[in-house]
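Below is one structure, written out as structure tokens; comments come after it.
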Amino acid sequence: MIGFPRPAGTSSRESSSGRTIAIVAVTIVAAAAPLVAQMATADRLRGAGWWPTKGTAPRQDYIGPSACVECHTSHAEQLTTAMARTAQRAGDSPVLRDGVRLRFAVAHYSYAIVREGGQPVYTVTDGERSLSAPLSWALGAGNVGQTYIFERDGSLYEARASFYATVKRLDFTPNRRVDRPRDLADALARPLPHGEARRCFACHMTASSTAAGFDLARATPGVTCEACHGPGRAHAAEMALARTPSPGTILSPRALNPVDSVDFCGACHATFWDVTLAGERGLAALRSQPHRLQSSRCWSEDERVTCVACHDPHKPLVRDTPSYDRNCLSCHATAEPRSEPLGSALRHSHRNTRASAPPCPTGTVSCAGCHMPKYDVPEMHYAFTDHLIRVVRR
């Protein structure tokens, strides 16, 4: 799927002795106790309490983002972010609107998506025969790319063709290229096993799985409030009575310590141990921002920079690389310890306990551009920022 390294939870593998990398049981609540160990997502999900992609809460406990923003008006902008648009009904996708015709061909096969009567229809032909399917879901906001899912006979299928924003055209879905398909059905799509579909939509939708099971019809498209904070009904009920929220009724990621905070984002973007246990290397590992960040020199005993030190999850992603330099310079351009955590009050990295961080010796301001270079992923037609913060040796 476009947008994250792998479906959450697929990389936590048990060893032959049956032990996982985590030794202690984890309980995550709003006032979580600090943990000292990074963990795999599958181990996090086995703990009590809420964690992103966990699908065990009753469906009736979800109230939807519109109820959340009635009180949290300052966070309403989250609903305009790429996260909130990372799953859309195919007919609502701007990429597929306005009668757009998307095509590409390889060998003897031609692929196309054409809007017919308001519904995007995906077709593959070998010149003599053709096979079509109306698309159900578009995964990915479209800023990088978009992958398509359709339903047939009660099963889900992943289209072989995806849209890529940089080249503005279709090409093979990452890792789904077939130059010699067995037949038209194989050329058209790949069946999505039930377990994989659950994990995939858990990172692209809110409440796609609950205690009642996997149900896309009743889920909220995109990553919205309750995908991160957990079901909101109990919290909203207490707030309506002007009560102080009870521990465990809602998760505030602000209360997480740095290790838990980065693993929290890693539930979908892959934690250090998700990548390590999967044995991923090269570009596959590079696309996991939490794994790369936790491998950086900025992730150490006395300075742990978390994802939200630079990214506000309630606002659209800032794509202007130089704008991140001020975050770096809050440590590397001062001789005094910081009196506040890096960034705003929301951004909860550990305080810098050293007298000073090494200043930049070049005298230029291009911190992120130099120390977090971009690397091209050819099959995705996109250059991804490497979150391994380091002195790059050319």
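In the structure tokens, chains take letters A, B, ... by order of appearance, with residues numbered from 1 within each chain and ligands from 1 in the order shown.
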All residues 10 Å or closer to Asp325 in chain A, only C-alpha atoms, same chain fewer than 4 positions away omitted, as an mmCIF file with N, CA and C atoms, in the first residue's frame:
```
data_model
loop_
_atom_site.group_PDB
_atom_site.id
_atom_site.type_symbol
_atom_site.label_atom_id
_atom_site.label_comp_id
_atom_site.auth_asym_id
_atom_site.auth_seq_id
_atom_site.Cartn_x
_atom_site.Cartn_y
_atom_site.Cartn_z
ATOM 1 N N CYS A 310 8.758 17.946 15.450
ATOM 2 C CA CYS A 310 8.731 18.671 14.175
ATOM 3 C C CYS A 310 7.373 18.643 13.490
ATOM 4 N N THR A 321 11.255 22.055 3.371
ATOM 5 C CA THR A 321 12.337 21.521 4.194
ATOM 6 C C THR A 321 13.027 22.574 5.058
ATOM 7 N N LEU A 329 17.965 24.226 15.241
ATOM 8 C CA LEU A 329 18.759 25.297 15.848
ATOM 9 C C LEU A 329 18.339 25.601 17.274
ATOM 10 N N SER A 330 17.190 25.112 17.713
ATOM 11 C CA SER A 330 16.808 25.328 19.105
ATOM 12 C C SER A 330 17.757 24.583 20.039
ATOM 13 N N VAL A 365 22.664 27.612 7.114
ATOM 14 C CA VAL A 365 21.438 27.085 7.714
ATOM 15 C C VAL A 365 20.755 26.204 6.675
ATOM 16 N N SER A 366 21.039 24.946 6.719
ATOM 17 C CA SER A 366 20.383 23.966 5.857
ATOM 18 C C SER A 366 20.393 22.638 6.587
ATOM 19 N N CYS A 367 19.914 22.690 7.841
ATOM 20 C CA CYS A 367 20.041 21.533 8.736
ATOM 21 C C CYS A 367 19.379 20.294 8.160
ATOM 22 N N ALA A 368 18.080 20.369 7.919
ATOM 23 C CA ALA A 368 17.354 19.193 7.451
ATOM 24 C C ALA A 368 17.801 18.777 6.063
ATOM 25 N N GLY A 369 18.099 19.736 5.202
ATOM 26 C CA GLY A 369 18.536 19.413 3.854
ATOM 27 C C GLY A 369 19.842 18.651 3.822
#
```
Using only C-alpha atoms, can you tell me which of A:Lys374, A:Arg89, A:Arg182, A:Arg326 comes closest to Pro134 in chain A?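 Closest candidate: A:Arg89.
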Using only C-alpha atoms, what table do you get, as a Markdown table, when you list each residue of range 133-196 of chain A with an atom no more than 6 Å from range 68-87 of chain A, its nearest pair of atoms, and their distance in Å rounded to one decimal, rows by chain then rising number?
```
| residue | atom | partner | partner_atom | distance |
| --- | --- | --- | --- | --- |
| A:Ala138 | CA | A:Ala87 | CA | 5.7 |
| A:Leu139 | CA | A:Ala87 | CA | 4.5 |
| A:Gly140 | CA | A:Thr86 | CA | 4.2 |
| A:Ala141 | CA | A:Thr86 | CA | 4.6 |
```
Could you check which of A:His332, A:Arg297, A:Arg44, A:His229 is closest to Gly248 in chain A, using only C-alpha atoms?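 The shortest atom-to-atom distance to Gly248 in chain A comes from A:His229.
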Where in range 90-203 of chain A does DSSP assign strand (DSSP E or B), given as number ranges by chain? A: 101-106, 109-116, 119-125, 130-134, 137-139, 145-152, 155-159, 161-164, 169-172, 189-191
Go ahead and dump the residues you just picked, C-alpha atoms, as a PDB file, in the first residue's frame.
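Result file selection26.pdb:
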```pdb
ATOM      1  CA  ARG A 101      -8.930   9.100 -17.612  1.00  0.00           C
ATOM      2  CA  LEU A 102      -5.875   7.371 -16.226  1.00  0.00           C
ATOM      3  CA  ARG A 103      -4.042   4.822 -18.372  1.00  0.00           C
ATOM      4  CA  PHE A 104      -0.819   2.898 -18.715  1.00  0.00           C
ATOM      5  CA  ALA A 105       0.330  -0.155 -20.626  1.00  0.00           C
ATOM      6  CA  VAL A 106       2.976  -2.835 -20.217  1.00  0.00           C
ATOM      7  CA  TYR A 109      -1.771  -5.412 -21.178  1.00  0.00           C
ATOM      8  CA  SER A 110      -3.364  -1.987 -20.879  1.00  0.00           C
ATOM      9  CA  TYR A 111      -4.760  -0.538 -17.636  1.00  0.00           C
ATOM     10  CA  ALA A 112      -7.272   2.264 -17.285  1.00  0.00           C
ATOM     11  CA  ILE A 113      -9.490   3.982 -14.733  1.00  0.00           C
ATOM     12  CA  VAL A 114     -12.449   5.807 -16.262  1.00  0.00           C
ATOM     13  CA  ARG A 115     -15.302   7.484 -14.435  1.00  0.00           C
ATOM     14  CA  GLU A 116     -18.641   6.090 -15.541  1.00  0.00           C
ATOM     15  CA  GLN A 119     -18.246   5.695 -10.330  1.00  0.00           C
ATOM     16  CA  PRO A 120     -14.544   5.088 -11.139  1.00  0.00           C
ATOM     17  CA  VAL A 121     -14.234   1.828 -13.089  1.00  0.00           C
ATOM     18  CA  TYR A 122     -10.904   0.015 -13.312  1.00  0.00           C
ATOM     19  CA  THR A 123     -10.202  -2.081 -16.426  1.00  0.00           C
ATOM     20  CA  VAL A 124      -7.411  -4.253 -17.797  1.00  0.00           C
ATOM     21  CA  THR A 125      -7.340  -5.569 -21.361  1.00  0.00           C
ATOM     22  CA  SER A 130     -11.084  -7.151 -20.904  1.00  0.00           C
ATOM     23  CA  LEU A 131     -11.977  -7.359 -17.229  1.00  0.00           C
ATOM     24  CA  SER A 132     -13.404  -4.494 -15.167  1.00  0.00           C
ATOM     25  CA  ALA A 133     -14.361  -3.663 -11.593  1.00  0.00           C
ATOM     26  CA  PRO A 134     -15.910  -0.569  -9.972  1.00  0.00           C
ATOM     27  CA  TRP A 137     -11.725   2.608  -1.881  1.00  0.00           C
ATOM     28  CA  ALA A 138      -8.831   4.948  -2.602  1.00  0.00           C
ATOM     29  CA  LEU A 139      -5.991   4.584  -0.080  1.00  0.00           C
ATOM     30  CA  GLY A 145       0.166   8.362  -4.631  1.00  0.00           C
ATOM     31  CA  GLN A 146      -3.029   6.430  -4.296  1.00  0.00           C
ATOM     32  CA  THR A 147      -3.806   2.696  -4.298  1.00  0.00           C
ATOM     33  CA  TYR A 148      -7.224   1.295  -5.135  1.00  0.00           C
ATOM     34  CA  ILE A 149      -9.338  -1.451  -3.589  1.00  0.00           C
ATOM     35  CA  PHE A 150     -12.456  -3.077  -4.983  1.00  0.00           C
ATOM     36  CA  GLU A 151     -14.885  -5.664  -3.684  1.00  0.00           C
ATOM     37  CA  ARG A 152     -16.122  -8.747  -5.497  1.00  0.00           C
ATOM     38  CA  SER A 155     -13.776 -10.344  -0.955  1.00  0.00           C
ATOM     39  CA  LEU A 156     -11.394  -7.385  -1.235  1.00  0.00           C
ATOM     40  CA  TYR A 157      -8.867  -6.967  -4.048  1.00  0.00           C
ATOM     41  CA  GLU A 158      -5.904  -4.620  -4.431  1.00  0.00           C
ATOM     42  CA  ALA A 159      -5.587  -3.148  -7.935  1.00  0.00           C
ATOM     43  CA  ALA A 161      -2.344  -0.112 -10.864  1.00  0.00           C
ATOM     44  CA  SER A 162      -1.849   2.897  -8.579  1.00  0.00           C
ATOM     45  CA  PHE A 163      -1.745   6.637  -9.203  1.00  0.00           C
ATOM     46  CA  TYR A 164       1.482   8.603  -8.626  1.00  0.00           C
ATOM     47  CA  ARG A 169      -0.225   8.846 -14.123  1.00  0.00           C
ATOM     48  CA  LEU A 170      -0.826   5.198 -13.294  1.00  0.00           C
ATOM     49  CA  ASP A 171       1.903   2.641 -12.783  1.00  0.00           C
ATOM     50  CA  PHE A 172       2.180  -0.661 -10.967  1.00  0.00           C
ATOM     51  CA  ALA A 189      -5.661  -7.319  -9.021  1.00  0.00           C
ATOM     52  CA  ARG A 190      -4.307  -9.236  -6.061  1.00  0.00           C
ATOM     53  CA  PRO A 191      -6.699 -10.775  -3.516  1.00  0.00           C
TER      54      PRO A 191
END
```
